[in-house]
Amino acid sequence: MRQRTILLAAAFLLSCANSFSQKKLSNKKIEKLKSEAASIVESNKKQSQVMVDKIFSFAELGFQETESSEYLTGILKENGFEIENSISGIPTAWFATWSNGKGPTIALGSDVDCIPKASQYPGVAYHKPIVEGAPGHGEGHNAGIPLNISAALAVKQLMERENIGGTLLLWPGIAEELVAAKAWYVRDGLFDDIDMCIFTHVSNNLTVSYGPTRGTGLISVEYSFDGESAHSAGAPWRGKSALDAAELMNIAWNYKREHLHPLRRSHSIFTDAGDQPNVVPSKAAIWFYFRDIKYDGIMEMYHEANDIAKGAAMMTGTTVTSKILGAAWPRHYNKVIAETMYKNIKQVGLPDWSEADQKLAKAVQTEVNSEKIEGLATKLDTIGLPVIEPISGGSDDIGDISWKIPTVTMRFPSNIPGLQGHHWSNAISMATPIAHKGVVAGAKAEAMTILDFLLKPELLEGAWDYFNNEQTKETKFIPMISEDDMPPIYLNADKQGQFRSELEKFYYDETKYDTYLEQLGVEYPTLKE
């Protein structure tokens, strides 16, 4: 945090030395600049496409995003951003800062990691892995940061020319699929001096929401049991099975599920189940996600699970320890930012999908048995309103940041409706014209919104009024992680290491090929005969 503060201060003093001063612009002038920003994004769409395709080809799991982070920070550094690496003790995490003097500090964030076993040729409407069993962008996280960079560079160009004050700060959601970085950013104070945050996430339409949103928060916990080994046949009575303890905890929690409120969800996997059958396992571990729509509910489940773990250890004569591997508060988005952004979204509209785009989308929907075979969205979605009746579902650690500063998530149309998520089918569109067009549309809306908040101080005041007097009036943010909890940066190292050398053969070379589809020799779209 100290290094980032120094970078921000240095950029501010440099701007002051250049006699910078903010000026009030008319609404007509602001609208003209916003239109120009959208035009700049459009003119730079080739760069956006290359970034999207490049990150897709790296296919890196959470905490292993080394190629992705080096590539993205290299682009930002070339464009005048100061880079702080390894933030919060996470080697692949970074903050990129550029300042033009006094004005709001606006953070632009998005995720970058992919998911296991989702390797997939883009543009091919059936399962065809690039590397069998390898990771792939079956969530679409390869597109968000390229979108943010496209928007930021367009705004930066206008800020320099028009002497517009403010600071742009770009950052990655490292290991979002493990919900294991943003809570550490907040704990370490990295958002203490930031005025607002625009987060972006891939979707199948262009929209934004405010208030409490659908989904849950969670805490991610691994329980490790220690016992004593013995020969499973020769002297099993002398062993104390750590695996028995882990299995008993799993069984007990499964009985507990009967009595969970329907809005609560939990899931688990065994991360250590012993070495071989003829040795009583001296070590075993089980990893849980505990989800609820409220912080109190999450923590209640967590404490109940701790008691069950202790009981399992007592029953087996083993010992148990636990560690938090990730956390995410339920999300709450800012009304003023969302309403301002949605006005810009309506100006931008959805991309013009080609016949080939729609053919691919309908073929993929057919392949995975989607309820509707309607192709890509052609009607702009409405703004998302606060969820009145809570609905359970997924989590995102942007929730922690949303309780620290005014925040929204803009969803942009780079994927296909009706897919199941976290699946190879979700990777099919993510290095195709569908993703490229969706990123350009999203970058236009984001750039226009950034200019609104740089040039209209009353908007930022309104965003903070909503944050202080509505969002946090009764609900106060309490971190789920302590100063002693460390980010689990070792996760996925083995999985990525197993496939990296094979994946490297397929890294996108933009100096030789116009698109990744061209490099892979994919005819767009490729459908089943």
# chains A, B, ... in the order shown; residues from 1 in each chain; ligands from 1
call {"tool": "closest_atom_pairs", "arguments": {"of": "stretch 115-200 of chain A", "to": "stretch 98-109 of chain A", "cutoff": "12 Å", "atoms": "only C-alpha atoms", "output": "Markdown table"}}
result
| residue | atom | partner | partner_atom | distance |
| --- | --- | --- | --- | --- |
| A:His141 | CA | A:Gly109 | CA | 11.4 |
| A:Ala143 | CA | A:Gly109 | CA | 11.6 |
| A:Gly144 | CA | A:Gly109 | CA | 7.9 |
| A:Ile145 | CA | A:Gly109 | CA | 6.9 |
| A:Pro146 | CA | A:Gly109 | CA | 10.4 |
| A:Leu147 | CA | A:Leu108 | CA | 9.7 |
| A:Asn148 | CA | A:Leu108 | CA | 6.2 |
| A:Ile149 | CA | A:Leu108 | CA | 8.6 |
| A:Ser150 | CA | A:Leu108 | CA | 11.1 |
| A:Ala151 | CA | A:Leu108 | CA | 9.4 |
| A:Ala152 | CA | A:Leu108 | CA | 8.3 |
| A:Leu153 | CA | A:Trp98 | CA | 10.2 |
| A:Val155 | CA | A:Trp98 | CA | 11.2 |
| A:Lys156 | CA | A:Trp98 | CA | 8.4 |
| A:Gln157 | CA | A:Asn100 | CA | 10.8 |
| A:Leu158 | CA | A:Asn100 | CA | 10.8 |
| A:Met159 | CA | A:Asn100 | CA | 7.2 |
| A:Glu160 | CA | A:Asn100 | CA | 7.2 |
| A:Arg161 | CA | A:Asn100 | CA | 10.6 |
| A:Glu162 | CA | A:Asn100 | CA | 10.5 |
| A:Asn163 | CA | A:Asn100 | CA | 7.6 |
| A:Ile164 | CA | A:Asn100 | CA | 7.0 |
| A:Gly165 | CA | A:Gly103 | CA | 4.7 |
| A:Gly166 | CA | A:Gly103 | CA | 3.8 |
| A:Thr167 | CA | A:Ser99 | CA | 4.1 |
| A:Leu168 | CA | A:Ile106 | CA | 5.3 |
| A:Leu169 | CA | A:Ala107 | CA | 4.6 |
| A:Leu170 | CA | A:Leu108 | CA | 4.8 |
| A:Trp171 | CA | A:Gly109 | CA | 5.0 |
| A:Pro172 | CA | A:Gly109 | CA | 5.6 |
| A:Gly173 | CA | A:Gly109 | CA | 6.7 |
| A:Ile174 | CA | A:Gly109 | CA | 10.2 |
| A:Glu176 | CA | A:Gly109 | CA | 11.6 |
| A:Lys182 | CA | A:Gly109 | CA | 10.3 |
| A:Leu190 | CA | A:Ala107 | CA | 10.7 |
| A:Phe191 | CA | A:Ala107 | CA | 8.7 |
| A:Asp192 | CA | A:Thr105 | CA | 10.8 |
| A:Asp193 | CA | A:Thr105 | CA | 7.7 |
| A:Ile194 | CA | A:Thr105 | CA | 5.2 |
| A:Asp195 | CA | A:Thr105 | CA | 5.3 |
| A:Met196 | CA | A:Ile106 | CA | 5.3 |
| A:Cys197 | CA | A:Ala107 | CA | 4.6 |
| A:Ile198 | CA | A:Leu108 | CA | 5.0 |
| A:Phe199 | CA | A:Gly109 | CA | 4.7 |
| A:Thr200 | CA | A:Gly109 | CA | 6.5 |
call {"tool": "residues_around", "arguments": {"residues": "A:Val439", "least_positions_apart": "4", "cutoff": "12 Å", "atoms": "only C-alpha atoms", "output": "PyMOL selection string"}}
result
chain A and resi 41-42+44-53+140-151+200-206+348+350-351+410-415+430-435+443-447
call {"tool": "closest_residue", "arguments": {"among": "A:Leu459, A:Val124, A:Val179, A:Ile75", "to": "A:Ala363", "atoms": "only C-alpha atoms"}}
result
A:Val124
call {"tool": "residues_around", "arguments": {"residues": "A:Asp400", "least_positions_apart": "4", "cutoff": "9 Å", "atoms": "only C-alpha atoms", "output": "list of chain:residue names"}}
result
A:Lys182, A:Ala183, A:Val186, A:Ala327, A:Ala328, A:Trp329, A:Pro330, A:Arg331, A:Asp396, A:Lys404, A:Phe477, A:Pro479
call {"tool": "write_last_selection", "arguments": {"atoms": "N, CA and C atoms", "output": "PDB file, in the first residue's frame"}}
result
ATOM      1  N   LYS A 182      -9.592 -10.404  -3.537  1.00  0.00           N
ATOM      2  CA  LYS A 182     -10.135  -9.060  -3.295  1.00  0.00           C
ATOM      3  C   LYS A 182     -10.305  -8.769  -1.809  1.00  0.00           C
ATOM      4  N   ALA A 183     -10.659  -9.787  -1.022  1.00  0.00           N
ATOM      5  CA  ALA A 183     -10.779  -9.571   0.423  1.00  0.00           C
ATOM      6  C   ALA A 183      -9.447  -9.153   1.020  1.00  0.00           C
ATOM      7  N   VAL A 186      -8.790  -5.434   0.212  1.00  0.00           N
ATOM      8  CA  VAL A 186      -9.526  -4.555   1.118  1.00  0.00           C
ATOM      9  C   VAL A 186      -8.895  -4.574   2.506  1.00  0.00           C
ATOM     10  N   ALA A 327     -12.821 -15.387   0.756  1.00  0.00           N
ATOM     11  CA  ALA A 327     -14.027 -14.827   1.364  1.00  0.00           C
ATOM     12  C   ALA A 327     -14.638 -13.815   0.412  1.00  0.00           C
ATOM     13  N   ALA A 328     -15.947 -13.677   0.507  1.00  0.00           N
ATOM     14  CA  ALA A 328     -16.644 -12.710  -0.333  1.00  0.00           C
ATOM     15  C   ALA A 328     -17.913 -12.257   0.373  1.00  0.00           C
ATOM     16  N   TRP A 329     -18.056 -10.968   0.539  1.00  0.00           N
ATOM     17  CA  TRP A 329     -19.301 -10.426   1.086  1.00  0.00           C
ATOM     18  C   TRP A 329     -20.390 -10.472   0.015  1.00  0.00           C
ATOM     19  N   PRO A 330     -21.663 -10.577   0.426  1.00  0.00           N
ATOM     20  CA  PRO A 330     -22.750 -10.384  -0.547  1.00  0.00           C
ATOM     21  C   PRO A 330     -22.622  -9.000  -1.189  1.00  0.00           C
ATOM     22  N   ARG A 331     -22.923  -8.913  -2.475  1.00  0.00           N
ATOM     23  CA  ARG A 331     -22.679  -7.670  -3.216  1.00  0.00           C
ATOM     24  C   ARG A 331     -23.811  -6.658  -3.039  1.00  0.00           C
ATOM     25  N   ASP A 396     -19.087 -13.464  -5.697  1.00  0.00           N
ATOM     26  CA  ASP A 396     -17.944 -12.782  -6.299  1.00  0.00           C
ATOM     27  C   ASP A 396     -17.345 -11.879  -5.234  1.00  0.00           C
ATOM     28  N   LYS A 404     -16.724  -1.236   0.605  1.00  0.00           N
ATOM     29  CA  LYS A 404     -15.643  -0.316   0.979  1.00  0.00           C
ATOM     30  C   LYS A 404     -15.797   1.037   0.297  1.00  0.00           C
ATOM     31  N   PHE A 477     -19.647  -3.227   7.314  1.00  0.00           N
ATOM     32  CA  PHE A 477     -18.735  -4.240   6.783  1.00  0.00           C
ATOM     33  C   PHE A 477     -17.801  -4.761   7.873  1.00  0.00           C
ATOM     34  N   PRO A 479     -14.720  -7.572   8.019  1.00  0.00           N
ATOM     35  CA  PRO A 479     -13.919  -8.512   7.217  1.00  0.00           C
ATOM     36  C   PRO A 479     -14.025  -9.937   7.757  1.00  0.00           C
TER      37      PRO A 479
END
call {"tool": "residues_around", "arguments": {"residues": "stretch 307-309 of chain A", "least_positions_apart": "2", "cutoff": "8 Å", "atoms": "only C-alpha atoms", "output": "list in words"}}
result
Tyr223, Ala245, Ala246, Met249, Ala252, Trp253, His303, Glu304, Ala305, Gly311, Ala312, Ala313 and Val320 of chain A
call {"tool": "residues_around", "arguments": {"residues": "A:Glu60", "least_positions_apart": "4", "cutoff": "8 Å", "atoms": "only C-alpha atoms", "output": "PDB file with all heavy atoms, in the first residue's frame"}}
result
ATOM      1  N   GLN A  64      -1.963 -18.360 -10.744  1.00  0.00           N
ATOM      2  CA  GLN A  64      -0.918 -18.778 -11.693  1.00  0.00           C
ATOM      3  C   GLN A  64      -0.946 -17.902 -12.953  1.00  0.00           C
ATOM      4  O   GLN A  64      -0.399 -18.285 -13.982  1.00  0.00           O
ATOM      5  CB  GLN A  64      -1.111 -20.248 -12.071  1.00  0.00           C
ATOM      6  CG  GLN A  64      -1.263 -21.181 -10.892  1.00  0.00           C
ATOM      7  CD  GLN A  64      -0.124 -21.090  -9.896  1.00  0.00           C
ATOM      8  OE1 GLN A  64       1.044 -20.998 -10.285  1.00  0.00           O
ATOM      9  NE2 GLN A  64      -0.440 -21.102  -8.616  1.00  0.00           N
ATOM     10  N   GLU A  65      -1.512 -16.705 -12.864  1.00  0.00           N
ATOM     11  CA  GLU A  65      -1.723 -15.849 -14.041  1.00  0.00           C
ATOM     12  C   GLU A  65      -0.465 -15.042 -14.398  1.00  0.00           C
ATOM     13  O   GLU A  65      -0.512 -13.825 -14.595  1.00  0.00           O
ATOM     14  CB  GLU A  65      -2.898 -14.885 -13.792  1.00  0.00           C
ATOM     15  CG  GLU A  65      -4.147 -15.540 -13.253  1.00  0.00           C
ATOM     16  CD  GLU A  65      -4.289 -15.451 -11.742  1.00  0.00           C
ATOM     17  OE1 GLU A  65      -3.242 -15.375 -11.066  1.00  0.00           O
ATOM     18  OE2 GLU A  65      -5.416 -15.452 -11.244  1.00  0.00           O
ATOM     19  N   THR A  66       0.661 -15.718 -14.482  1.00  0.00           N
ATOM     20  CA  THR A  66       1.931 -15.027 -14.686  1.00  0.00           C
ATOM     21  C   THR A  66       2.047 -14.408 -16.067  1.00  0.00           C
ATOM     22  O   THR A  66       2.432 -13.238 -16.210  1.00  0.00           O
ATOM     23  CB  THR A  66       3.110 -15.996 -14.452  1.00  0.00           C
ATOM     24  OG1 THR A  66       2.926 -17.167 -15.262  1.00  0.00           O
ATOM     25  CG2 THR A  66       3.188 -16.424 -12.996  1.00  0.00           C
ATOM     26  N   GLU A  67       1.735 -15.173 -17.116  1.00  0.00           N
ATOM     27  CA  GLU A  67       1.817 -14.650 -18.481  1.00  0.00           C
ATOM     28  C   GLU A  67       0.803 -13.523 -18.680  1.00  0.00           C
ATOM     29  O   GLU A  67       1.116 -12.486 -19.285  1.00  0.00           O
ATOM     30  CB  GLU A  67       1.557 -15.769 -19.495  1.00  0.00           C
ATOM     31  CG  GLU A  67       2.565 -16.897 -19.476  1.00  0.00           C
ATOM     32  CD  GLU A  67       3.881 -16.530 -20.142  1.00  0.00           C
ATOM     33  OE1 GLU A  67       3.991 -15.413 -20.697  1.00  0.00           O
ATOM     34  OE2 GLU A  67       4.804 -17.370 -20.111  1.00  0.00           O
ATOM     35  N   SER A  68      -0.400 -13.722 -18.190  1.00  0.00           N
ATOM     36  CA  SER A  68      -1.459 -12.727 -18.353  1.00  0.00           C
ATOM     37  C   SER A  68      -1.078 -11.412 -17.687  1.00  0.00           C
ATOM     38  O   SER A  68      -1.218 -10.332 -18.279  1.00  0.00           O
ATOM     39  CB  SER A  68      -2.770 -13.254 -17.767  1.00  0.00           C
ATOM     40  OG  SER A  68      -3.163 -14.454 -18.388  1.00  0.00           O
ATOM     41  N   ASP A 113      -8.514 -14.953 -14.303  1.00  0.00           N
ATOM     42  CA  ASP A 113      -8.222 -16.384 -14.232  1.00  0.00           C
ATOM     43  C   ASP A 113      -9.241 -17.205 -15.010  1.00  0.00           C
ATOM     44  O   ASP A 113     -10.342 -16.755 -15.323  1.00  0.00           O
ATOM     45  CB  ASP A 113      -8.169 -16.857 -12.777  1.00  0.00           C
ATOM     46  CG  ASP A 113      -9.470 -16.615 -12.025  1.00  0.00           C
ATOM     47  OD1 ASP A 113     -10.156 -15.624 -12.327  1.00  0.00           O
ATOM     48  OD2 ASP A 113      -9.818 -17.421 -11.135  1.00  0.00           O
ATOM     49  N   CYS A 114      -8.854 -18.461 -15.307  1.00  0.00           N
ATOM     50  CA  CYS A 114      -9.769 -19.370 -16.000  1.00  0.00           C
ATOM     51  C   CYS A 114     -10.132 -20.519 -15.072  1.00  0.00           C
ATOM     52  O   CYS A 114      -9.905 -20.439 -13.857  1.00  0.00           O
ATOM     53  CB  CYS A 114      -9.151 -19.846 -17.304  1.00  0.00           C
ATOM     54  SG  CYS A 114      -7.767 -20.976 -17.122  1.00  0.00           S
ATOM     55  N   ILE A 115     -10.722 -21.566 -15.610  1.00  0.00           N
ATOM     56  CA  ILE A 115     -11.180 -22.675 -14.775  1.00  0.00           C
ATOM     57  C   ILE A 115     -10.573 -23.992 -15.255  1.00  0.00           C
ATOM     58  O   ILE A 115     -10.188 -24.118 -16.417  1.00  0.00           O
ATOM     59  CB  ILE A 115     -12.718 -22.776 -14.749  1.00  0.00           C
ATOM     60  CG1 ILE A 115     -13.275 -22.984 -16.161  1.00  0.00           C
ATOM     61  CG2 ILE A 115     -13.326 -21.561 -14.096  1.00  0.00           C
ATOM     62  CD1 ILE A 115     -14.762 -23.256 -16.180  1.00  0.00           C
ATOM     63  N   PRO A 135      -6.711 -26.316 -18.488  1.00  0.00           N
ATOM     64  CA  PRO A 135      -7.588 -25.185 -18.147  1.00  0.00           C
ATOM     65  C   PRO A 135      -8.033 -24.436 -19.397  1.00  0.00           C
ATOM     66  O   PRO A 135      -7.414 -24.537 -20.463  1.00  0.00           O
ATOM     67  CB  PRO A 135      -6.690 -24.301 -17.273  1.00  0.00           C
ATOM     68  CG  PRO A 135      -5.551 -25.163 -16.844  1.00  0.00           C
ATOM     69  CD  PRO A 135      -5.359 -26.167 -17.936  1.00  0.00           C
ATOM     70  N   GLY A 136      -9.113 -23.675 -19.242  1.00  0.00           N
ATOM     71  CA  GLY A 136      -9.606 -22.858 -20.339  1.00  0.00           C
ATOM     72  C   GLY A 136     -10.538 -21.778 -19.832  1.00  0.00           C
ATOM     73  O   GLY A 136     -11.000 -21.810 -18.683  1.00  0.00           O
ATOM     74  N   GLN A 496      -1.592 -26.065 -13.087  1.00  0.00           N
ATOM     75  CA  GLN A 496      -1.073 -25.241 -14.185  1.00  0.00           C
ATOM     76  C   GLN A 496       0.246 -25.804 -14.696  1.00  0.00           C
ATOM     77  O   GLN A 496       0.490 -25.844 -15.909  1.00  0.00           O
ATOM     78  CB  GLN A 496      -0.879 -23.796 -13.732  1.00  0.00           C
ATOM     79  CG  GLN A 496      -0.683 -22.818 -14.873  1.00  0.00           C
ATOM     80  CD  GLN A 496      -1.947 -22.618 -15.683  1.00  0.00           C
ATOM     81  OE1 GLN A 496      -3.016 -22.437 -15.131  1.00  0.00           O
ATOM     82  NE2 GLN A 496      -1.835 -22.652 -16.999  1.00  0.00           N
TER      83      GLN A 496
END
call {"tool": "residues_around", "arguments": {"residues": "stretch 376-378 of chain A", "least_positions_apart": "4", "cutoff": "8 Å", "atoms": "only C-alpha atoms", "output": "ChimeraX atom specification"}}
result
/A:204-205,350,353,357-358,361-362,416-417
call {"tool": "write_last_selection", "arguments": {"atoms": "N, CA, C and O atoms", "output": "short mmCIF file (atom, residue, chain, number, x, y, z; two decimals), in the first residue's frame"}}
result
data_model
loop_
_atom_site.label_atom_id
_atom_site.label_comp_id
_atom_site.auth_asym_id
_atom_site.auth_seq_id
_atom_site.Cartn_x
_atom_site.Cartn_y
_atom_site.Cartn_z
N ASN A 204 -24.04 -11.97 -21.40
CA ASN A 204 -24.60 -12.09 -22.74
C ASN A 204 -25.48 -10.90 -23.11
O ASN A 204 -26.21 -10.95 -24.09
N ASN A 205 -25.40 -9.83 -22.32
CA ASN A 205 -26.08 -8.58 -22.61
C ASN A 205 -25.27 -7.45 -22.00
O ASN A 205 -24.27 -7.72 -21.31
N LEU A 350 -26.45 -2.61 -28.10
CA LEU A 350 -25.81 -3.91 -28.35
C LEU A 350 -25.06 -3.90 -29.68
O LEU A 350 -25.39 -3.13 -30.58
N TRP A 353 -24.71 -8.13 -34.49
CA TRP A 353 -24.23 -9.50 -34.65
C TRP A 353 -24.37 -9.93 -36.11
O TRP A 353 -25.38 -9.66 -36.76
N ASP A 357 -22.11 -15.02 -36.36
CA ASP A 357 -22.21 -14.96 -34.89
C ASP A 357 -23.45 -15.70 -34.41
O ASP A 357 -23.39 -16.51 -33.47
N GLN A 358 -24.57 -15.44 -35.05
CA GLN A 358 -25.82 -16.06 -34.63
C GLN A 358 -25.84 -17.56 -34.91
O GLN A 358 -26.38 -18.34 -34.12
N ALA A 361 -23.88 -19.16 -32.09
CA ALA A 361 -24.62 -19.13 -30.82
C ALA A 361 -25.73 -20.17 -30.80
O ALA A 361 -25.88 -20.91 -29.82
N LYS A 362 -26.50 -20.26 -31.85
CA LYS A 362 -27.61 -21.22 -31.88
C LYS A 362 -27.10 -22.65 -31.89
O LYS A 362 -27.70 -23.54 -31.28
N ILE A 416 -22.63 -16.38 -24.78
CA ILE A 416 -23.84 -16.88 -25.42
C ILE A 416 -24.89 -17.16 -24.34
O ILE A 416 -24.60 -17.80 -23.33
N PRO A 417 -26.13 -16.71 -24.53
CA PRO A 417 -27.18 -16.98 -23.53
C PRO A 417 -27.47 -18.48 -23.42
O PRO A 417 -27.27 -19.25 -24.36
#
call {"tool": "residues_around", "arguments": {"residues": "A:Ile383", "least_positions_apart": "3", "cutoff": "7 Å", "atoms": "only C-alpha atoms", "output": "PDB file with N, CA and C atoms, in the first residue's frame"}}
result
ATOM      1  N   THR A 207     -25.451  -4.470 -19.439  1.00  0.00           N
ATOM      2  CA  THR A 207     -26.315  -3.939 -18.399  1.00  0.00           C
ATOM      3  C   THR A 207     -25.536  -3.665 -17.129  1.00  0.00           C
ATOM      4  N   VAL A 208     -26.216  -3.084 -16.168  1.00  0.00           N
ATOM      5  CA  VAL A 208     -25.653  -2.786 -14.857  1.00  0.00           C
ATOM      6  C   VAL A 208     -26.810  -2.800 -13.871  1.00  0.00           C
ATOM      7  N   SER A 209     -26.523  -3.000 -12.592  1.00  0.00           N
ATOM      8  CA  SER A 209     -27.588  -3.052 -11.591  1.00  0.00           C
ATOM      9  C   SER A 209     -27.178  -2.253 -10.363  1.00  0.00           C
ATOM     10  N   TYR A 342     -26.066   3.365 -16.978  1.00  0.00           N
ATOM     11  CA  TYR A 342     -27.099   2.805 -17.846  1.00  0.00           C
ATOM     12  C   TYR A 342     -27.524   3.794 -18.931  1.00  0.00           C
TER      13      TYR A 342
END
call {"tool": "closest_residue", "arguments": {"among": "A:Val279, A:Tyr508, A:Ser232, A:Ser88", "to": "A:Tyr71", "atoms": "only C-alpha atoms"}}
result
A:Tyr508
call {"tool": "closest_residue", "arguments": {"among": "A:Ile401, A:Glu247, A:Pro129, A:Leu61", "to": "A:Ala493", "atoms": "only C-alpha atoms"}}
result
A:Leu61
call {"tool": "select_by_dssp", "arguments": {"residues": "stretch 28-169 of chain A", "states": "alpha helix (DSSP H)", "output": "MDAnalysis selection string"}}
result
chainID A and resid 28:43 45:58 66:78 144:162
call {"tool": "closest_residue", "arguments": {"among": "A:Ala180, A:Met480, A:Leu517, A:Ile489", "to": "A:Gly326", "atoms": "only C-alpha atoms"}}
result
A:Ala180
call {"tool": "closest_residue", "arguments": {"among": "A:Ile286, A:Ile269, A:Ala233, A:Ala125", "to": "A:Thr321", "atoms": "only C-alpha atoms"}}
result
A:Ile286
call {"tool": "select_by_dssp", "arguments": {"residues": "stretch 145-174 of chain A", "states": "strand (DSSP E)", "output": "MDAnalysis selection string"}}
result
chainID A and resid 167:173
call {"tool": "write_last_selection", "arguments": {"atoms": "all heavy atoms", "output": "mmCIF file, in the first residue's frame"}}
result
data_model
loop_
_atom_site.group_PDB
_atom_site.id
_atom_site.type_symbol
_atom_site.label_atom_id
_atom_site.label_comp_id
_atom_site.auth_asym_id
_atom_site.auth_seq_id
_atom_site.Cartn_x
_atom_site.Cartn_y
_atom_site.Cartn_z
ATOM 1 N N THR A 167 -7.359 10.443 -11.545
ATOM 2 C CA THR A 167 -6.451 9.300 -11.546
ATOM 3 C C THR A 167 -7.201 8.045 -11.982
ATOM 4 O O THR A 167 -8.312 7.787 -11.518
ATOM 5 C CB THR A 167 -5.848 9.086 -10.145
ATOM 6 O OG1 THR A 167 -5.103 10.248 -9.770
ATOM 7 C CG2 THR A 167 -4.937 7.871 -10.125
ATOM 8 N N LEU A 168 -6.584 7.297 -12.869
ATOM 9 C CA LEU A 168 -7.120 6.016 -13.315
ATOM 10 C C LEU A 168 -6.271 4.902 -12.707
ATOM 11 O O LEU A 168 -5.045 4.950 -12.777
ATOM 12 C CB LEU A 168 -7.102 5.913 -14.840
ATOM 13 C CG LEU A 168 -7.854 7.006 -15.598
ATOM 14 C CD1 LEU A 168 -7.679 6.822 -17.095
ATOM 15 C CD2 LEU A 168 -9.339 7.012 -15.235
ATOM 16 N N LEU A 169 -6.932 3.919 -12.131
ATOM 17 C CA LEU A 169 -6.223 2.823 -11.474
ATOM 18 C C LEU A 169 -6.830 1.510 -11.951
ATOM 19 O O LEU A 169 -8.017 1.256 -11.745
ATOM 20 C CB LEU A 169 -6.330 2.956 -9.954
ATOM 21 C CG LEU A 169 -5.444 2.057 -9.112
ATOM 22 C CD1 LEU A 169 -5.183 2.686 -7.760
ATOM 23 C CD2 LEU A 169 -6.058 0.668 -8.915
ATOM 24 N N LEU A 170 -6.040 0.697 -12.609
ATOM 25 C CA LEU A 170 -6.504 -0.599 -13.103
ATOM 26 C C LEU A 170 -5.934 -1.719 -12.240
ATOM 27 O O LEU A 170 -4.773 -1.647 -11.804
ATOM 28 C CB LEU A 170 -6.109 -0.808 -14.565
ATOM 29 C CG LEU A 170 -7.014 -0.130 -15.600
ATOM 30 C CD1 LEU A 170 -6.774 1.373 -15.631
ATOM 31 C CD2 LEU A 170 -6.813 -0.710 -16.982
ATOM 32 N N TRP A 171 -6.741 -2.748 -12.028
ATOM 33 C CA TRP A 171 -6.323 -3.854 -11.172
ATOM 34 C C TRP A 171 -7.010 -5.145 -11.598
ATOM 35 O O TRP A 171 -8.104 -5.115 -12.154
ATOM 36 C CB TRP A 171 -6.640 -3.552 -9.705
ATOM 37 C CG TRP A 171 -8.094 -3.293 -9.449
ATOM 38 C CD1 TRP A 171 -8.754 -2.105 -9.582
ATOM 39 C CD2 TRP A 171 -9.078 -4.250 -9.032
ATOM 40 N NE1 TRP A 171 -10.090 -2.263 -9.277
ATOM 41 C CE2 TRP A 171 -10.310 -3.559 -8.938
ATOM 42 C CE3 TRP A 171 -9.038 -5.615 -8.731
ATOM 43 C CZ2 TRP A 171 -11.483 -4.195 -8.551
ATOM 44 C CZ3 TRP A 171 -10.204 -6.247 -8.358
ATOM 45 C CH2 TRP A 171 -11.413 -5.531 -8.266
ATOM 46 N N PRO A 172 -6.397 -6.293 -11.346
ATOM 47 C CA PRO A 172 -6.997 -7.583 -11.709
ATOM 48 C C PRO A 172 -7.613 -8.301 -10.516
ATOM 49 O O PRO A 172 -7.100 -8.265 -9.401
ATOM 50 C CB PRO A 172 -5.789 -8.370 -12.218
ATOM 51 C CG PRO A 172 -4.684 -7.906 -11.314
ATOM 52 C CD PRO A 172 -4.982 -6.461 -10.963
ATOM 53 N N GLY A 173 -8.732 -8.969 -10.769
ATOM 54 C CA GLY A 173 -9.299 -9.869 -9.772
ATOM 55 C C GLY A 173 -8.598 -11.209 -9.880
ATOM 56 O O GLY A 173 -9.036 -12.094 -10.614
#
call {"tool": "atom_distance", "arguments": {"atom1": "atom CA of A:Glu258", "atom2": "atom CA of A:Met301"}}
result
13.3 Å
call {"tool": "atom_distance", "arguments": {"atom1": "atom CA of A:Phe506", "atom2": "atom CA of A:Ser57"}}
result
6.5 Å
